[in-house]
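Engineer: I am attaching a structure below and will ask some questions about it afterwards.
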Amino acid sequence: MMKVLVTGGAGFIGSNLALELQDRGYEVIVLDDFSSGHFKNLIGFEGDVVTESILDVDLNRFRDVDIIFHQAAITDTTIQDQKLMMQINTEGFRRFLDFAIENNIKFIYASSAATYGNAPAPQKEEYAGKPNNIYGFSKWICDCIAKKYMEKYPDAHIIGLRYFNVFGPREQYKGKMASMIWQLAKQMIEGKNPKIFKWGEQKRDQVYVKDVVRANLLAMDAKESCIVNVGSGRAVSFNYIIEVLNKVLGFDYTPEYIDNPYKEFYQEHTEADLSKAKKYLGYKPEWKFEKAVEDYIKWLKKNKYIK
Ligand SMILES: NC(=O)c1ccc[n+]([C@@H]2O[C@H](COP(=O)([O-])OP(=O)(O)OC[C@H]3O[C@@H](n4cnc5c(N)ncnc54)[C@H](O)[C@@H]3O)[C@@H](O)[C@H]2O)c1
């Protein structure tokens, strides 16, 4: 039986991945310090959970794993503490990458569309490198380190996945960092007009977590090391998200427009160019935005996050 480690496995994406791997018959170990994860994300999980930080956990505990999915990171993109962000996101990453190389373990890690800053859309992988904040910078340097390792160790299996805006089940414990889809749905269900930044025409590539999990599974069998985008390949505006939520939830809310305090750092238009993901992983999104929102709302109702 293949044994896999999911760092950040109590978080949003990590828990979806851990549960899917378990369903597919893998022996799964989760490593998480529960700083932004939650045990409720892992209801149904029957594997092992190691509760330590990626910065100091004894790596010998993971010597016999076949694959590492590295998801653990500080995911609050508004944190300004540069040393903390770099230590956890970049040094934490380096520690696991080194360990994977030394022990011949496949290494698949979460990078981010934040590495693109304000690069023009659709973003191609080579446009990255001008991040707007320390979070984006911490992920960009992971990608730079990964590229050097790919050259130095041509036989290693290193896959960087640049997730765009992910939404879906088990993001509820991310609070203000959860997706716009969840934030807006929640406001509407609470009877409030959904609040968005003026004038709602900012566009984002919103990708369903089920597609992100699938990209990770495909990454296990990639023939070559690579860093590729993982998105839906389509940008939707905030106004359009509200339109779709109105339809799916049966409401008729109009958006309330507010000033954007992060204007300087704000990505106005993200949209993944997926040609590399298709070429290297055979990845193509399976979830259309409208269908994904429907599926997600069903899950939220079934799990009593909304009535
Ligand atoms: N959600 C998105 O839209 C998105 C987009 C791009 C990239 N990403 C990346 O995907 C990965 C998963 O993000 P997520 O959305 O699931 O967020 P999340 O906050 O739910 O998950 C991160 C997990 O890492 C854990 N963690 C943090 N610091 C740790 C440490 N020092 N040691 C051990 N565990 C630690 C947290 O407790 C949490 O469970 C992250 O690397 C994130 O940067 C996410």
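Each chain of the structure tokens is named A, B, ... in the order shown, its residues numbered from 1; ligands are numbered from 1 in display order.
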Skipping near chain neighbours, those fewer than 5 positions away, what residues fall within 9 Å of stretch 103-108 of chain A using only C-alpha atoms, listed as a list of chain:residue names?
Structural biologist: A:Arg63, A:Asp64, A:Val65, A:Asp66, A:Ile67, A:Ile68, A:Phe69, A:His70, A:Gln71, A:Phe96, A:Leu97, A:Asp98, A:Ala156, A:His157, A:Ile158, A:Ile159, A:Gly160, A:Leu161, A:Asn216, A:Ala219, A:Met220
Engineer: Applying 8 Å and only C-alpha atoms, which residues near stretch 48-51 of chain A remain after dropping the ones on its own chain fewer than 6 positions away? List them as a count of residues only.
Structural biologist: 7
Engineer: Considering only C-alpha atoms, can you say which of A:Ile241, A:Val228, A:Leu59, A:Ile306 comes closest to A:Ala277?
Structural biologist: A:Val228
Engineer: Any idea what the distance is between atom CA of A:Gln206 and atom CA of A:Asp143?
Structural biologist: 21.7 Å
Engineer: As a ChimeraX atom specification, please: the residues near A:Tyr266 (cut-off 12 Å, only C-alpha atoms, same-chain neighbours under 5 positions excluded).
Structural biologist: /A:77-78,114,116-119,131-133,136,197,202-204,260-261
Engineer: My list of candidates is A:Phe265, A:Tyr208, A:Phe251, A:Ser225. Which is closest to A:Glu171 when distances are computed with only C-alpha atoms?
Structural biologist: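 So, comparing all the options, the nearest one is A:Tyr208.
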Engineer: Between A:Thr75, A:Ser35, A:Gln172, A:Thr90, single out the one closest to A:Lys304, counting only C-alpha atoms.
Structural biologist: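 The answer is A:Gln172, which sits nearest to A:Lys304.
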Engineer: Apply DSSP to the structure's backbone, then extract all residues of stretch 86-221 of chain A labelled helix (DSSP H, G or I) and return them as a ChimeraX atom specification.
Structural biologist: /A:86-102,113-116,125-127,134-152,172-177,180-189,209-219
Engineer: When DSSP is applied to the backbone of this structure, which of stretch 16-206 of chain A are assigned strand (DSSP E or B)? Write them out as number ranges by chain.
Structural biologist: A: 27-31, 48-50, 67-70, 106-112, 123, 158-163, 165-167, 195-197, 203-206
Engineer: Need to verify the contact set: A:Lys147, 9 Å, only C-alpha atoms, exclusion of same-chain residues closer than 2 positions in sequence. Can you return it as an NGL selection string?
Structural biologist: :A and (142-145 or 149-152 or 158 or 225-227)
Engineer: Hey, can you spit out that residue selection with C-alpha atoms as a PDB file, in the first residue's frame?
Structural biologist:
```pdb
ATOM      1  CA  CYS A 142       9.641  28.330  -3.186  1.00  0.00           C
ATOM      2  CA  ASP A 143       9.203  28.128  -6.958  1.00  0.00           C
ATOM      3  CA  CYS A 144      12.719  29.524  -7.523  1.00  0.00           C
ATOM      4  CA  ILE A 145      14.220  26.964  -5.133  1.00  0.00           C
ATOM      5  CA  TYR A 149      16.493  21.532  -7.539  1.00  0.00           C
ATOM      6  CA  MET A 150      14.876  20.336 -10.774  1.00  0.00           C
ATOM      7  CA  GLU A 151      18.090  21.228 -12.626  1.00  0.00           C
ATOM      8  CA  LYS A 152      20.360  19.777 -10.002  1.00  0.00           C
ATOM      9  CA  ILE A 158       9.068  17.789  -7.998  1.00  0.00           C
ATOM     10  CA  SER A 225       9.135  17.828 -12.852  1.00  0.00           C
ATOM     11  CA  CYS A 226       7.347  21.132 -13.489  1.00  0.00           C
ATOM     12  CA  ILE A 227       5.580  24.146 -12.035  1.00  0.00           C
TER      13      ILE A 227
END
```
Engineer: Rounded to one decimal, what separation in Å do you get between atom CA of A:Thr7 and atom CA of A:Leu300?
Structural biologist: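 Value for the atom CA of A:Thr7-atom CA of A:Leu300 distance: 25.0 Å.
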Engineer: Go through A:Pro154, A:Gly92, A:Gly129, A:Gly44 and flag the residue nearest ligand 1, using only C-alpha atoms and all ligand atoms for the distances.
Structural biologist: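 Answer, going by the shortest atom-to-atom distance: A:Gly92.
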